[in-house]
Structures are given as C-alpha cells and as structure tokens.
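Reading through the structure tokens given below for one structure.
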Amino acid sequence: ILVAGSSATLCPMAAVFGGIVGQEVVKACTGKFHPICQGFYFDALECLPEQPPPPSEVSPQAVAAAGRYAPQVAVFGSSFQKKLEHTNTFLVGSGALGCEFIKNFALMGVACAPSAKLSVTDDDVIEKSNLSRQFLFRNHDVGQSKSLAGVKAATRMNPALNAVALQDRVSPGTENVFNTAFWQSLDLVVNALDNVKARLYVDSRSVFFSKVRRPFLGAPPPCTCCSSPLPPSSPLP
C-alpha cells in the first residue's frame with residue numbers, strides 16, 4: 001500500500017507545491033523578495049484515514065479500473081473515490097479561492113456521478129484585473145459571470161462534472177432560492193468568500209443544517225465565528 005500510494009500524484013498536493021515553486025521563481029526573477037533559504041516541511045497527514053483501506057480497494061486492478069482517478073484510489077481506496085463522486089456540493093464564491101476549488105473538484109471527480117451535483121454561485125462578473133489571480137478566466141471572459149465562466153472551464157477539464165452555475169448572492173434576501181430543501185440536499189458546503197459578514201452567514205446556515213464544511217485551510221475551527229477577529233454586526237439566524 002505504501003509503495004502504491006507513494007507513486008500517486010494528488011492534484012491538491014500538486015497545487016500546493018506548484019504555488020510554492022511558482023512563488024520562488026517569481027522571487028528569483030524579480031529579486032524583490034527573500035527566497036526560502038531553510039528546510040521546508042509540509043504534510044497533510046490529517047487527510048489520511050485512521051485505518052488503511054482494504055487491500056482490495058487499492059489493488060493494481062482497482063487502481064487500473066479507476067482511470068483518471070487512479071492516483072486517488074491508490075492512496076484512499078475505491079470507496080472513498082465513489083463517495084467523492086456522489087457528493088452534492090455547494091461552492092459559495094467563484095473568485096480566486098473559488099477557481100482553485102472548482103479546478104480541484106473537477107480533477108478529483110467530486111460530483112461526477114449522475115445523481116450528484118456541484119452548485120457554484122457568485123453574483124460578481126469578471127473584470128480585467130481579475131485575470132492575474134483567477135486563473136480559470138481569459139480575456140474573452142471579461143464581463144461574464146464568474147460562476148458561469150468557472151463552471152465552463154471546469155467542465156472542459158472533466159466533462160463528467162455535473163456543475164450548475166448560479167448568480168445569486170447567499171444572503172437572507174435569497175432564502176427563497178437557497179431554501180430548506182436546497183440546504184438539506186447538500187453533503188458539503190465550501191466557503192470561498194473574502195467578506196467576513198458573508199462568511200459568517202454561510203457558516204451559520206451550514207451549522208443550522210448540520211452540513212459538513214471546511215471554510216478554512218489549516219487547523220479546523222468549530223466554525224467561522226470562532227476564528228474571525230470581527231464579531232457579527234447582528235445575531236446569526
């Protein structure tokens with residue numbers, strides 16, 4: 001199992017190291033920032049299951065049958081991959097953070113089963129200044145909806161992705177759109193917003209409907225309220 005897993009290339013891990021290497025290249029080319037001149041250690045042991053997957057799920061046959069998802073099956077097993085494919089996911093925000101999430105979801109196979117769906121919402125449109133950091137967008141996308149352009153780019157990466165683009169802001173004013181039935185249908189809520197008030201609202205809805213969420217990378221707090229330095233301006237619903 002260790003040998004099979006060590007040969008796998010996982011797209012989220014590749015994104016982390018690609019970002020680090022890219023940053024060091026920019027430092028070397030510009031000479032404006034200090035490069036990393038010491039040992040650098042990174043792990044994601046919290047992603048691994050407490051118990052190894054059954055040998056049958058990471059066997060060469062299971063890995064070969066997984067196709068484009070073979071590296072993930074080699075590490076996590078075929079049952080985990082099926083769970084990803086059947087996860088109904090709600091991504092709030094399609095900007096710089098959202099582009100990274102959409103890309104990873106497409107490459108990982110999230111919501112790629114016929115019965116699953118990835119809902120992406122963002123009420124903003126693409127501006128020229130966004131192109132330097134929101135990598136799914138191109139010049140011809142300027143003026144278009146961020147969620148729509150992001151979903152189009154992701155489905156080009158993985159045509160099996162069942163993604164729906166929405167242009168509604170998640171707020172008390174759109175609870176007729178994101179209603180009880182919508183929230184109860186979800187398995188995962190991902191917060192890709194940079195506005196504290198909006199993050200607090202999305203988190204409050206996730207807590208209310210007891211949805212699995214991962215608003216931040218790093219040590220997982222109980223919720224956004226416990227990690228935000230700014231208190232909400234009004235009581236959460």
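Naming works like this for the structure tokens: A, B, ... for the chains as they're shown, residue 1 at the start of each chain, ligands 1 onward in shown order.
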(Q) When DSSP is applied to the backbone of this structure, which of stretch 55-234 of chain A are assigned helix (DSSP H, G or I)? Write them out as a PyMOL selection string. (A) chain A and resi 55-57+60-65+67-76+78-85+96-108+128-132+139-141+146-157+172-174+180-184+196-208+224-227
Q: Write down as a ChimeraX atom specification the residues of stretch 15-219 of chain A whose backbone DSSP state falls under strand (DSSP E).
A: /A:89-92,118-121,163-166,188-191,212-213
Q: Excluding stretch 91-100 of chain A and residues on its chain fewer than 4 positions from it, collect all residues at most 10 Å away from it, counting only C-alpha atoms, and give them as a ChimeraX atom specification.
A: /A:12,15,104-105,118-126,130-137,145-151,153-154,165-170,188-194,198-199,202
Closest-contact table, stretch 81-129 of chain A side, partner stretch 59-74 of chain A, 8 Å, counting only C-alpha atoms, as a tab-separated table:
```
residue	atom	partner	partner_atom	distance
A:Gln81	CA	A:Val73	CA	6.4
A:Met108	CA	A:Tyr69	CA	6.8
A:Gly109	CA	A:Tyr69	CA	7.3
```
Q.
Between atom CA of A:Thr155 and atom CA of A:Ser115, what distance in Å does the model show, to one decimal?
A. 16.4 Å
Q | Atomic distance atom CA of A:Leu186 - atom CA of A:Asn88, expressed in Å with one decimal | A |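 Atom-to-atom, atom CA of A:Leu186 to atom CA of A:Asn88, that is 5.1 Å.
For the atom pair formed by atom CA of A:Leu84 and atom CA of A:Val110, the distance is 4.8 Å, given to one decimal.
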Q) Leaving out stretch 47-49 of chain A and any residue of its chain fewer than 2 positions from it, which residues lie within 10 Å of it when counting only C-alpha atoms, given as a list in words? A)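 Close residues of stretch 47-49 of chain A: Asp43, Ala44, Leu45, Gln51, Pro52, Pro53, Val75, Phe76 and Phe80 of chain A.
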Q: For each of A:Ser129, A:Gly173, A:Asn139, A:Asn162, take the minimum atom-to-atom distance to A:Thr89, counting only C-alpha atoms, then give the residue where this is smallest.
A: A:Asn162
**Q.** For A:Met157, the nearest of the candidates A:Cys112, A:Val207, A:Ala14, A:Leu107, counting only C-alpha atoms
**A.** A:Leu107
